[in-house]
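Visitor: Can you read through this structure? Questions will come right after.
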Amino acid sequence: MNPFTTLIATAVPLRAENVDTDQIIPARYLTAVTKAGMGEGLFAAWRYGSTGELNPDFVLNRPQYAGAEILIAGRNFGSGSSREHAVWALTDYGFRAVITPGFADIFYNNALKNGLLPIPLSENIVNLLLDLVEEQPDTRILIDLPAQLVILPDGQQVSFDIDAYRKQCLLEGLDDLGYLLAQDAAITLYETSLNV
Amino acid sequence: MSNTTTSPKTLFDKVWDAHVVKQDPGAPAVLYIDTHLVHEVTSPQAFNMLRERGLAVRRPDKTFATMDHAIPTRPLPPEQWPADARTQVETLRKNARDFGITLWDIEGDVQGIVHVVGPEMGVTQPGMTIVCGDSHTSTHGAFGALAFGIGTSEVGHVLATQCLLQRKPKSFLINIEGELGPGVTAKDIILAIIARIGIGGGRGHVFEYRGDAIRNMDMAGRMTICNMSIEGGARAGMIAPDETTFAWLKGRPFMPAGEAWDRAVARWRTLPSDEGAVFDRELTLNANELTPMVTYGANPGQGVAVSGRIPTPEQLDNPADRRSLLDALDYMGLQAGQAMAGQPIDIVFIGSCTNGRIEDLRAAADIVRGKRVAGDVRALVVPGSKAVKAQAEAEGLDRIFSEAGFQWRNAGCSMCLAMNDDKAGPGQYVASTSNRNFQGRQGPGSRTLLMSPIMAAAAAIEGRVVDVREMI
Ligand code: SF4
């Protein structure tokens, strides 16, 4: 996993609530046995027309949002299926952070395990950010993970919550597996003492 | 003595506490997993990770795989399967072989939707922790297990270490008092709960379902309810095991037998929440007041009583809810304030891990018996497992469905998620017994109306949404 410390990037406003993982990547894109190229299926139903052409009206396809690395969306983002493909699609497309008023639990966990920073902010702030990047698509937002701050060009700051352990993993680019493998003795003791 | 040993515990607390291997200060708990279920779609990248890091599966004896999502449910020889489905199935076979785990293969006698097969085989047991790379793993909570869906990275962690790093969720007690009326089912209870709390309402919590209506319910109904806990945003749903649970499980292939069975049951009897155990949240519904439900929108919380009307934006307080309603109605081609009864449908899908069990098929067949599917409605019945299919055929249910004009399929996920060859077309309305009505869930542009198996059967016969109580 790539470490995440700070990011300065533009953002895409996706004005939708309850964006579920079937929307982020439809099941027909789940047939791969690797993670490569998952970005192609990102928001497929919205991004492509019926013959596979790009839908010019969908916000991700508008030229002013090209190269954005932050996604801003409505509440309960990533609900539904546990498919980690949704996170792989977002990171493969180039997103490094998602800002919403709230995430579904499994999506939130999956994001952290892939170096995609999920940032929950209040609904009011998210609405302000949506307005801002709709009006000024070239707004560069600074995300400072060590300080847990989202900072706007005019200097406004908003702080966000993240589990201290998860934050450390992101900063160092560590995944859970190393930690779990290091618990081998405790796991063996658990198994033998309970005879499982 | 610390008061944690004396204060009353919930069912969830008991299962959680018994599985904490280690808890470092500041870090999440290392939680031991008793049963790990695997399917072809969310596992390949996890096995790849094991290979890249040179790791083995720590407990192949606790790891069970089957194939359900990508496989066709039409009787097709494998040569005629779509190439990518064949690749996923072949990949799972190779992974099961290379890592020495049990595979319930489509070529064998045991196979089906992972959440139907697990309980049938008895690898789902009270008091266990159970995970799978699938959000509907919550189904297994019906047996008093703590069961939840995980992502593919976590599948890899469990394969390698039999453990997960987890923070303990909060608890949410849902009481269903009273008695269900005729034509009202477990599916209607869970759709009513989600309509009430919203699809994010259970976030960060584990539900425990309790009350007379749950006590009197069979295991199939309990599984339907726990299955859709995730649609209420919960991490898991649980029901305390009781005599109904034990009777259902006894004699299943992986169940203990003889004295070991008696010891297990004695242990399981200690699982129910203690008197006075405190939950972080509580909700009570009265089953007597519930009616058959149907969804009108593009998430499972957008549901109403079949006799009801779609809400209008003015009835909703929150601007986000209004926007979500308008988006959904636009997608669904339905009107605010419209009555749901009478809405024409194009396809009927009876199946899935929510409602693909023998009890579901029996109930639907009772509605269908001696009748015909309306006009050009396309109707499918897809058993949840090979065992369900065989049982249904032994009871002659397949003939009742076939004679009425339903297609009778092999076991699998089928049109629940449209990643195999069963898809609804753009704009088509599907009366579906599955669990998700998301945009495009059953095929690009498909429009899903979630309902119970008997409601779906009634819709098939009438060609439109009807209150099944008029037919019983
Ligand atoms: S039946 Fe549907 S919800 Fe259940 S496991 Fe299969 S795809 Fe998922």
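Scheme for the structure tokens: letters A, B, ... for chains in order shown; per-chain residue numbers from 1; ligand numbers from 1 in order shown.
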Distance limit 7 Å, reference ligand 1, atoms considered: only C-alpha atoms and all ligand atoms. Which residues make the cut? Give them as a list of chain:residue names.
Guide: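 Answer in the requested format: B:Asp68, B:His69, B:Ile113, B:Val114, B:His115, B:Asp134, B:His136, B:Ser352, B:Cys353, B:Thr354, B:Gly412, B:Cys413, B:Cys416, B:Leu417, B:Ser434, B:Asn435.
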Visitor: Please determine the contact residues of chain B with respect to chain A at a cut-off of 7 Å, counting only C-alpha atoms, and supply them as a PyMOL selection string.
Guide: chain B and resi 21+26-27+41-42+44-45+84-85+88+133-135+149-152+157+161+200+203-204+231+233+320+324+417-419+441+444
Visitor: Take the residues that were just selected and, keeping N, CA and C atoms, output them as a compact mmCIF listing (two decimals), in the first residue's frame.
Guide:
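Result written to out.txt:
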# COMPACT_ATOMS: atom_id res chain seq x y z
N VAL B 21 -8.49 -12.55 20.29
CA VAL B 21 -7.22 -13.23 20.51
C VAL B 21 -6.29 -12.32 21.29
N GLY B 26 -4.79 0.85 21.86
CA GLY B 26 -4.87 1.72 20.69
C GLY B 26 -5.15 1.01 19.38
N ALA B 27 -4.86 -0.28 19.32
CA ALA B 27 -5.07 -1.00 18.06
C ALA B 27 -6.43 -1.70 18.08
N VAL B 41 -15.90 -14.82 -6.97
CA VAL B 41 -15.75 -13.45 -7.45
C VAL B 41 -14.82 -12.59 -6.59
N THR B 42 -14.91 -12.73 -5.27
CA THR B 42 -14.13 -11.83 -4.41
C THR B 42 -12.87 -12.48 -3.84
N PRO B 44 -10.19 -14.32 -5.91
CA PRO B 44 -8.97 -14.56 -6.70
C PRO B 44 -7.81 -13.65 -6.30
N GLN B 45 -8.10 -12.36 -6.10
CA GLN B 45 -7.02 -11.43 -5.78
C GLN B 45 -6.43 -11.72 -4.40
N ASP B 84 -15.46 -15.43 -19.21
CA ASP B 84 -14.95 -14.91 -17.93
C ASP B 84 -15.51 -15.68 -16.73
N ALA B 85 -16.75 -16.19 -16.84
CA ALA B 85 -17.31 -17.01 -15.77
C ALA B 85 -16.50 -18.31 -15.65
N GLN B 88 -13.26 -17.60 -13.88
CA GLN B 88 -13.37 -17.46 -12.42
C GLN B 88 -13.57 -18.81 -11.74
N GLY B 133 -16.31 -12.87 1.78
CA GLY B 133 -16.17 -11.69 0.94
C GLY B 133 -17.48 -11.39 0.25
N ASP B 134 -18.50 -11.13 1.06
CA ASP B 134 -19.84 -10.89 0.54
C ASP B 134 -20.67 -10.26 1.64
N SER B 135 -21.35 -9.16 1.31
CA SER B 135 -22.01 -8.41 2.38
C SER B 135 -23.17 -9.17 3.02
N GLY B 149 -19.77 -9.42 6.29
CA GLY B 149 -19.07 -9.38 5.02
C GLY B 149 -17.77 -8.61 5.13
N ILE B 150 -16.79 -9.02 4.34
CA ILE B 150 -15.48 -8.36 4.35
C ILE B 150 -15.03 -8.13 2.91
N GLY B 151 -14.06 -7.25 2.73
CA GLY B 151 -13.49 -7.00 1.41
C GLY B 151 -12.42 -8.03 1.08
N THR B 152 -11.93 -7.96 -0.13
CA THR B 152 -10.96 -8.96 -0.58
C THR B 152 -9.64 -8.90 0.18
N HIS B 157 -6.41 -11.65 4.60
CA HIS B 157 -5.94 -11.70 5.99
C HIS B 157 -6.46 -12.95 6.70
N THR B 161 -4.15 -15.80 8.26
CA THR B 161 -3.97 -15.79 9.72
C THR B 161 -5.20 -16.28 10.50
N GLY B 200 -28.88 3.74 5.89
CA GLY B 200 -27.66 3.98 6.67
C GLY B 200 -27.94 3.90 8.16
N ARG B 203 -25.70 1.84 10.60
CA ARG B 203 -24.26 1.92 10.39
C ARG B 203 -23.50 1.84 11.72
N GLY B 204 -22.44 1.04 11.72
CA GLY B 204 -21.61 0.91 12.91
C GLY B 204 -22.20 0.03 14.00
N GLU B 231 -28.66 -4.21 4.48
CA GLU B 231 -29.41 -3.19 3.73
C GLU B 231 -29.86 -2.07 4.67
N GLY B 233 -27.72 -1.03 6.74
CA GLY B 233 -26.42 -0.44 7.02
C GLY B 233 -25.68 -1.11 8.17
N ALA B 320 -31.73 16.04 1.40
CA ALA B 320 -31.03 14.91 0.79
C ALA B 320 -32.00 13.78 0.49
N SER B 324 -32.87 12.28 -3.15
CA SER B 324 -32.75 10.84 -3.36
C SER B 324 -34.06 10.26 -3.91
N LEU B 417 -27.89 -10.23 -9.24
CA LEU B 417 -26.86 -9.20 -9.43
C LEU B 417 -26.39 -9.02 -10.84
N ALA B 418 -26.95 -9.79 -11.80
CA ALA B 418 -26.65 -9.53 -13.21
C ALA B 418 -25.16 -9.56 -13.53
N MET B 419 -24.43 -10.50 -12.94
CA MET B 419 -23.06 -10.63 -13.45
C MET B 419 -22.91 -11.93 -14.23
N ARG B 441 -28.87 -2.87 -10.81
CA ARG B 441 -28.47 -4.07 -10.08
C ARG B 441 -28.81 -5.35 -10.85
N PRO B 444 -28.23 -3.36 -16.75
CA PRO B 444 -28.22 -1.92 -17.00
C PRO B 444 -29.63 -1.40 -17.27
Visitor: At a cut-off of 12 Å, using only C-alpha atoms, what residues contact Glu135 in chain A? Leave out same-chain residues fewer than 2 positions from it and give the result as a VMD selection string.
Guide: chain A and resid 11 to 13 64 to 65 128 to 133 137 to 139
Visitor: Export, as a PDB file, in the first residue's frame, the selected residues with C-alpha atoms.
Guide:
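To be explicit, this is the file written out as again.pdb:
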ATOM      1  CA  ALA A  11     -11.991  17.673  -6.713  1.00  0.00           C
ATOM      2  CA  VAL A  12     -15.017  16.287  -8.588  1.00  0.00           C
ATOM      3  CA  PRO A  13     -18.479  17.124  -7.209  1.00  0.00           C
ATOM      4  CA  GLN A  64     -12.707  20.914 -16.180  1.00  0.00           C
ATOM      5  CA  TYR A  65     -12.552  17.969 -13.739  1.00  0.00           C
ATOM      6  CA  LEU A 128     -20.314  23.989   0.789  1.00  0.00           C
ATOM      7  CA  LEU A 129     -17.484  22.037  -0.813  1.00  0.00           C
ATOM      8  CA  LEU A 130     -19.809  20.783  -3.561  1.00  0.00           C
ATOM      9  CA  ASP A 131     -20.903  24.365  -4.288  1.00  0.00           C
ATOM     10  CA  LEU A 132     -17.324  25.560  -4.272  1.00  0.00           C
ATOM     11  CA  VAL A 133     -15.928  23.027  -6.734  1.00  0.00           C
ATOM     12  CA  PRO A 137     -13.508  23.514 -10.664  1.00  0.00           C
ATOM     13  CA  ASP A 138      -9.844  24.489 -10.437  1.00  0.00           C
ATOM     14  CA  THR A 139     -10.035  24.881  -6.641  1.00  0.00           C
TER      15      THR A 139
END
Visitor: May I have the residues within 8 Å of Gly342 in chain B as a PDB file with all heavy atoms, in the first residue's frame, using only C-alpha atoms and disregarding those fewer than 4 positions away in the same chain?
Guide:
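After the write, selection-v3.pdb holds the following:
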ATOM      1  N   ARG B 464     -48.857  -7.632 -12.594  1.00  0.00           N
ATOM      2  CA  ARG B 464     -48.737  -6.311 -11.963  1.00  0.00           C
ATOM      3  C   ARG B 464     -48.592  -6.529 -10.457  1.00  0.00           C
ATOM      4  O   ARG B 464     -48.830  -7.647  -9.971  1.00  0.00           O
ATOM      5  CB  ARG B 464     -49.958  -5.452 -12.284  1.00  0.00           C
ATOM      6  CG  ARG B 464     -51.242  -6.089 -11.825  1.00  0.00           C
ATOM      7  CD  ARG B 464     -52.503  -5.461 -12.419  1.00  0.00           C
ATOM      8  NE  ARG B 464     -53.624  -6.325 -12.112  1.00  0.00           N
ATOM      9  CZ  ARG B 464     -54.299  -6.318 -10.970  1.00  0.00           C
ATOM     10  NH1 ARG B 464     -54.009  -5.446 -10.053  1.00  0.00           N
ATOM     11  NH2 ARG B 464     -55.262  -7.182 -10.740  1.00  0.00           N
ATOM     12  N   VAL B 465     -48.242  -5.471  -9.777  1.00  0.00           N
ATOM     13  CA  VAL B 465     -48.121  -5.572  -8.323  1.00  0.00           C
ATOM     14  C   VAL B 465     -49.515  -5.712  -7.726  1.00  0.00           C
ATOM     15  O   VAL B 465     -50.405  -4.905  -8.028  1.00  0.00           O
ATOM     16  CB  VAL B 465     -47.420  -4.313  -7.754  1.00  0.00           C
ATOM     17  CG1 VAL B 465     -47.405  -4.347  -6.228  1.00  0.00           C
ATOM     18  CG2 VAL B 465     -46.007  -4.180  -8.306  1.00  0.00           C
ATOM     19  N   VAL B 466     -49.709  -6.754  -6.927  1.00  0.00           N
ATOM     20  CA  VAL B 466     -51.002  -6.935  -6.245  1.00  0.00           C
ATOM     21  C   VAL B 466     -50.754  -7.263  -4.779  1.00  0.00           C
ATOM     22  O   VAL B 466     -49.686  -7.741  -4.416  1.00  0.00           O
ATOM     23  CB  VAL B 466     -51.846  -8.088  -6.836  1.00  0.00           C
ATOM     24  CG1 VAL B 466     -52.411  -7.716  -8.178  1.00  0.00           C
ATOM     25  CG2 VAL B 466     -51.059  -9.370  -6.915  1.00  0.00           C
TER      26      VAL B 466
END
Visitor: From the set A:Leu116, A:Leu152, A:Ile25, A:Ala89, which residue has the shortest atom-to-atom contact distance to Thr10 in chain A, counting only C-alpha atoms?
Guide: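 Checking each of A:Leu116, A:Leu152, A:Ile25, A:Ala89 against Thr10 in chain A, counting only C-alpha atoms, the winner is A:Leu152.
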Visitor: Write out as a PyMOL selection string the residues lying within 7 Å of range 249-256 of chain B, counting only C-alpha atoms and excluding same-chain residues fewer than 4 positions away.
Guide: chain B and resi 120-123+245+260-261
Visitor: Take the residues just selected and output them with N, CA and C atoms as a PDB file, in the first residue's frame.
Guide:
ATOM      1  N   GLU B 120     -26.789 -25.140   5.402  1.00  0.00           N
ATOM      2  CA  GLU B 120     -27.192 -26.507   5.038  1.00  0.00           C
ATOM      3  C   GLU B 120     -26.137 -27.532   5.420  1.00  0.00           C
ATOM      4  N   MET B 121     -24.862 -27.154   5.230  1.00  0.00           N
ATOM      5  CA  MET B 121     -23.788 -28.097   5.516  1.00  0.00           C
ATOM      6  C   MET B 121     -23.420 -28.111   6.997  1.00  0.00           C
ATOM      7  N   GLY B 122     -23.928 -27.125   7.737  1.00  0.00           N
ATOM      8  CA  GLY B 122     -23.629 -27.111   9.172  1.00  0.00           C
ATOM      9  C   GLY B 122     -22.290 -26.488   9.510  1.00  0.00           C
ATOM     10  N   VAL B 123     -21.688 -25.738   8.552  1.00  0.00           N
ATOM     11  CA  VAL B 123     -20.473 -24.995   8.908  1.00  0.00           C
ATOM     12  C   VAL B 123     -20.844 -23.663   9.539  1.00  0.00           C
ATOM     13  N   THR B 245     -33.577 -23.434  16.321  1.00  0.00           N
ATOM     14  CA  THR B 245     -32.228 -23.438  15.732  1.00  0.00           C
ATOM     15  C   THR B 245     -31.606 -24.831  15.846  1.00  0.00           C
ATOM     16  N   ALA B 260     -20.826 -34.952  21.751  1.00  0.00           N
ATOM     17  CA  ALA B 260     -20.286 -33.643  21.338  1.00  0.00           C
ATOM     18  C   ALA B 260     -21.440 -32.704  20.982  1.00  0.00           C
ATOM     19  N   TRP B 261     -22.481 -33.263  20.382  1.00  0.00           N
ATOM     20  CA  TRP B 261     -23.670 -32.453  20.075  1.00  0.00           C
ATOM     21  C   TRP B 261     -24.306 -31.930  21.370  1.00  0.00           C
TER      22      TRP B 261
END
Visitor: Which residues are close to range 155-157 of chain A, i.e. within 12 Å by only C-alpha atoms, leaving aside same-chain residues fewer than 4 positions away? Reply as a PyMOL selection string.
Guide: chain A and resi 121+125+128-129+140-144+147-151
